[in-house]
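Participant: Just dropping this structure here.
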Amino acid sequence: MIPSPHRWTFRSYCSEAGDEIRGWYECQTRPVQAEITVVALYLQPLDVQGWIDSDRDYKDLRGKLSGLGELRFVVGKEQHRVLGFRNDDLKEFTMLVAGRKIAKFDFYLRHGPTALKRKAEVDSDRARFSCNADWILLP
Amino acid sequence: MKSKFDDREFRHAFVSANVKRGIAYQLRALRNAKKMNQTQFGELIGKPQPVICRLENPNYGKVSVQTLIEIANTLDVGLLVKFVPHDRVLREVGRLSQEELAPHSYEEVKRRSHEQPKPEVPVTTAAKGSLDLYLGRSSKLGYSENSPPTKIEVHHVAENTLNG
């Protein structure tokens with residue numbers, strides 16, 4: 001059995017164009033960047049139950065998006081979401097799609113199918129379709 | 001390499017997000033350590049459940065220092081609220097751990113320290129005095145049977161060594 005690492009690592013979906021989540025991150029305002037970095041830093045040392053309990057910052061999705069989870073944060077009055085999935089054995093969270101949530105279901109209708117497609121790609125070839133996202137933890 | 005922290009707006013937003021999240025995560029961790037739900041925890045610290053829910057919300061950020069003091073005193077844990085250089089903030093956030101989010105109460109720290117074996121490394125008189133005072137086993141010169149005095153070696157330097 002592989003020993004579980006102490007802290008979580010973050011990974012990003014990578015297309016041929018590169019790190020898609022970093023591309024999104026670099027386009028955000030400084031407060032949004034700071035908020036997502038702090039969310040990642042606080043989730044990093046938690047155990048799996050800690051992630052599940054922290055439903056303000058992370059939530060497992062259900063229904064058609066079951067298997068995915070989302071990082072959630074608010075800046076001003078804007079809600080932001082990063083869809084991804086946990087690998088509890090490796091203590092990894094892979095970020096797949098990020099954006100601003102405007103209406104209740106709008107975000108999931110727009111980005112859910114993309115997230116599922118990307119997850120399938122990462123599941124099929126982790127090295128090709130995902131890359132380390134340590135940059136999210138570095139202020 | 002240019003750090004995001006070089007940007008003033010980023011720094012300020014980081015500090016804000018960190019303080020809000022720090023309080024929310026600590027309160028949740030302290031509650032979980034007591035295996036209580038929000039209602040039970042609220043009864044313990046004298047706040048209704050909706051207040052606990054709000055305090056555990058990392059986006060809330062309007063908790064007063066007085067409330068924090070009251071909670072700290074009820075749980076008998078220490079509380080630090082202080083202005084520090086930004087590099088200190090980064091160091092603290094960088095070494096966050098699940099255990100540190102829920103500090104033990106004074107009595108628990110005391111109990112655990114008595115269960116642990118005595119340190120073998122020499123302890124300076126000043127440090128030992130503070131430790132003993134904290135652990136409540138200090139009488140000026142005497143020690144209880146459970147806490148024998150740590151051996152302190154004092155090396156005298158020969159006068160002629162100093163004088164060459």
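Identifiers in this document derive from the order of the structure tokens: chains are assigned A, B, ..., residues are numbered from 1 separately in each chain, and ligands are numbered from 1 in order of occurrence.
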Could the residues of chain A within 10 Å of chain B, counting only C-alpha atoms, be given as a PyMOL selection string, please?

Facilitator: chain A and resi 6-7+29-39+41-47+50+53-57+73-76+137-139

Participant: Write out as number ranges by chain the residues lying within 8 Å of region 88-97 of chain A, counting only C-alpha atoms and excluding same-chain residues fewer than 6 positions away.

Facilitator: A: 4-5, 7-13, 20-21, 48, 82, 111, 114-115, 118-119, 130

Participant: Using N, CA and C atoms, can you export the residues from the last selection as a tab-separated table (two decimals), in the first residue's frame?

Facilitator:
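Dumped everything to selection_31.tsv:
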```
chain	number	residue	atom	x	y	z
A	4	SER	N	0.01	7.50	2.35
A	4	SER	CA	-0.65	8.73	1.90
A	4	SER	C	0.24	9.94	2.22
A	5	PRO	N	0.47	10.81	1.24
A	5	PRO	CA	1.28	11.99	1.52
A	5	PRO	C	0.60	12.89	2.54
A	7	ARG	N	0.35	16.26	2.75
A	7	ARG	CA	-0.40	17.42	2.28
A	7	ARG	C	-0.92	17.17	0.86
A	8	TRP	N	-1.98	17.89	0.52
A	8	TRP	CA	-2.57	17.75	-0.81
A	8	TRP	C	-1.72	18.51	-1.83
A	9	THR	N	-1.73	17.97	-3.02
A	9	THR	CA	-1.12	18.73	-4.12
A	9	THR	C	-2.24	19.12	-5.09
A	10	PHE	N	-2.00	20.18	-5.80
A	10	PHE	CA	-2.98	20.66	-6.77
A	10	PHE	C	-2.43	20.45	-8.18
A	11	ARG	N	-3.30	20.01	-9.06
A	11	ARG	CA	-2.92	19.84	-10.45
A	11	ARG	C	-3.92	20.58	-11.33
A	12	SER	N	-3.52	20.86	-12.55
A	12	SER	CA	-4.37	21.58	-13.49
A	12	SER	C	-4.60	20.74	-14.74
A	13	TYR	N	-5.74	20.99	-15.37
A	13	TYR	CA	-5.97	20.39	-16.68
A	13	TYR	C	-5.07	21.08	-17.70
A	20	GLU	N	-4.58	25.23	-18.53
A	20	GLU	CA	-5.82	25.99	-18.75
A	20	GLU	C	-6.23	26.79	-17.50
A	21	ILE	N	-5.98	26.23	-16.33
A	21	ILE	CA	-6.41	26.91	-15.11
A	21	ILE	C	-5.49	28.09	-14.82
A	48	VAL	N	-9.11	13.99	4.22
A	48	VAL	CA	-10.25	13.93	3.30
A	48	VAL	C	-11.52	14.44	3.96
A	82	VAL	N	-14.15	26.61	-9.04
A	82	VAL	CA	-13.16	25.84	-9.80
A	82	VAL	C	-13.60	24.39	-9.74
A	111	HIS	N	-20.35	24.77	-17.80
A	111	HIS	CA	-19.02	24.19	-17.60
A	111	HIS	C	-19.00	22.72	-17.18
A	114	THR	N	-17.92	20.22	-19.92
A	114	THR	CA	-16.48	20.38	-20.21
A	114	THR	C	-15.65	19.73	-19.11
A	115	ALA	N	-16.08	19.95	-17.86
A	115	ALA	CA	-15.34	19.37	-16.73
A	115	ALA	C	-15.35	17.85	-16.81
A	118	ARG	N	-13.05	16.67	-19.58
A	118	ARG	CA	-11.64	16.83	-19.19
A	118	ARG	C	-11.22	15.79	-18.15
A	119	LYS	N	-12.15	15.51	-17.23
A	119	LYS	CA	-11.83	14.49	-16.22
A	119	LYS	C	-11.56	13.14	-16.90
A	130	SER	N	-2.71	16.53	-17.49
A	130	SER	CA	-2.67	17.36	-16.28
A	130	SER	C	-1.23	17.67	-15.92
```

Participant: Compare A:Lys117, A:Tyr25, A:Trp51, A:Cys131 by their minimum atom-to-atom distance to Arg81 (chain A), counting only C-alpha atoms, and give me the closest one.

Facilitator: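 Of all the options, A:Tyr25 lies closest to Arg81 (chain A).
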
Participant: Could you tell me which of A:Cys27, A:Leu83, A:Ala98, A:Gly18 comes closest to Leu116 (chain A) if we count only C-alpha atoms?

Facilitator: A:Leu83

Participant: If we count only C-alpha atoms and set the cut-off at 7 Å, which residues sit around Ala102 (chain B), ignoring sequence neighbours fewer than 2 positions away in its own chain? Please answer as a ChimeraX atom specification.

Facilitator: /B:26,29-30,33,99-100,104

Participant: As a PyMOL selection string, which residues of region 52-129 of chain A does DSSP assign to alpha helix (DSSP H)?

Facilitator: chain A and resi 52-53+106-124+126-129

Participant: Let's see if you can do this: from backbone DSSP, list all strand (DSSP E or B) residues in region 14-75 of chain A, as a ChimeraX atom specification.

Facilitator: /A:14-15,18-19,58-60,69-75
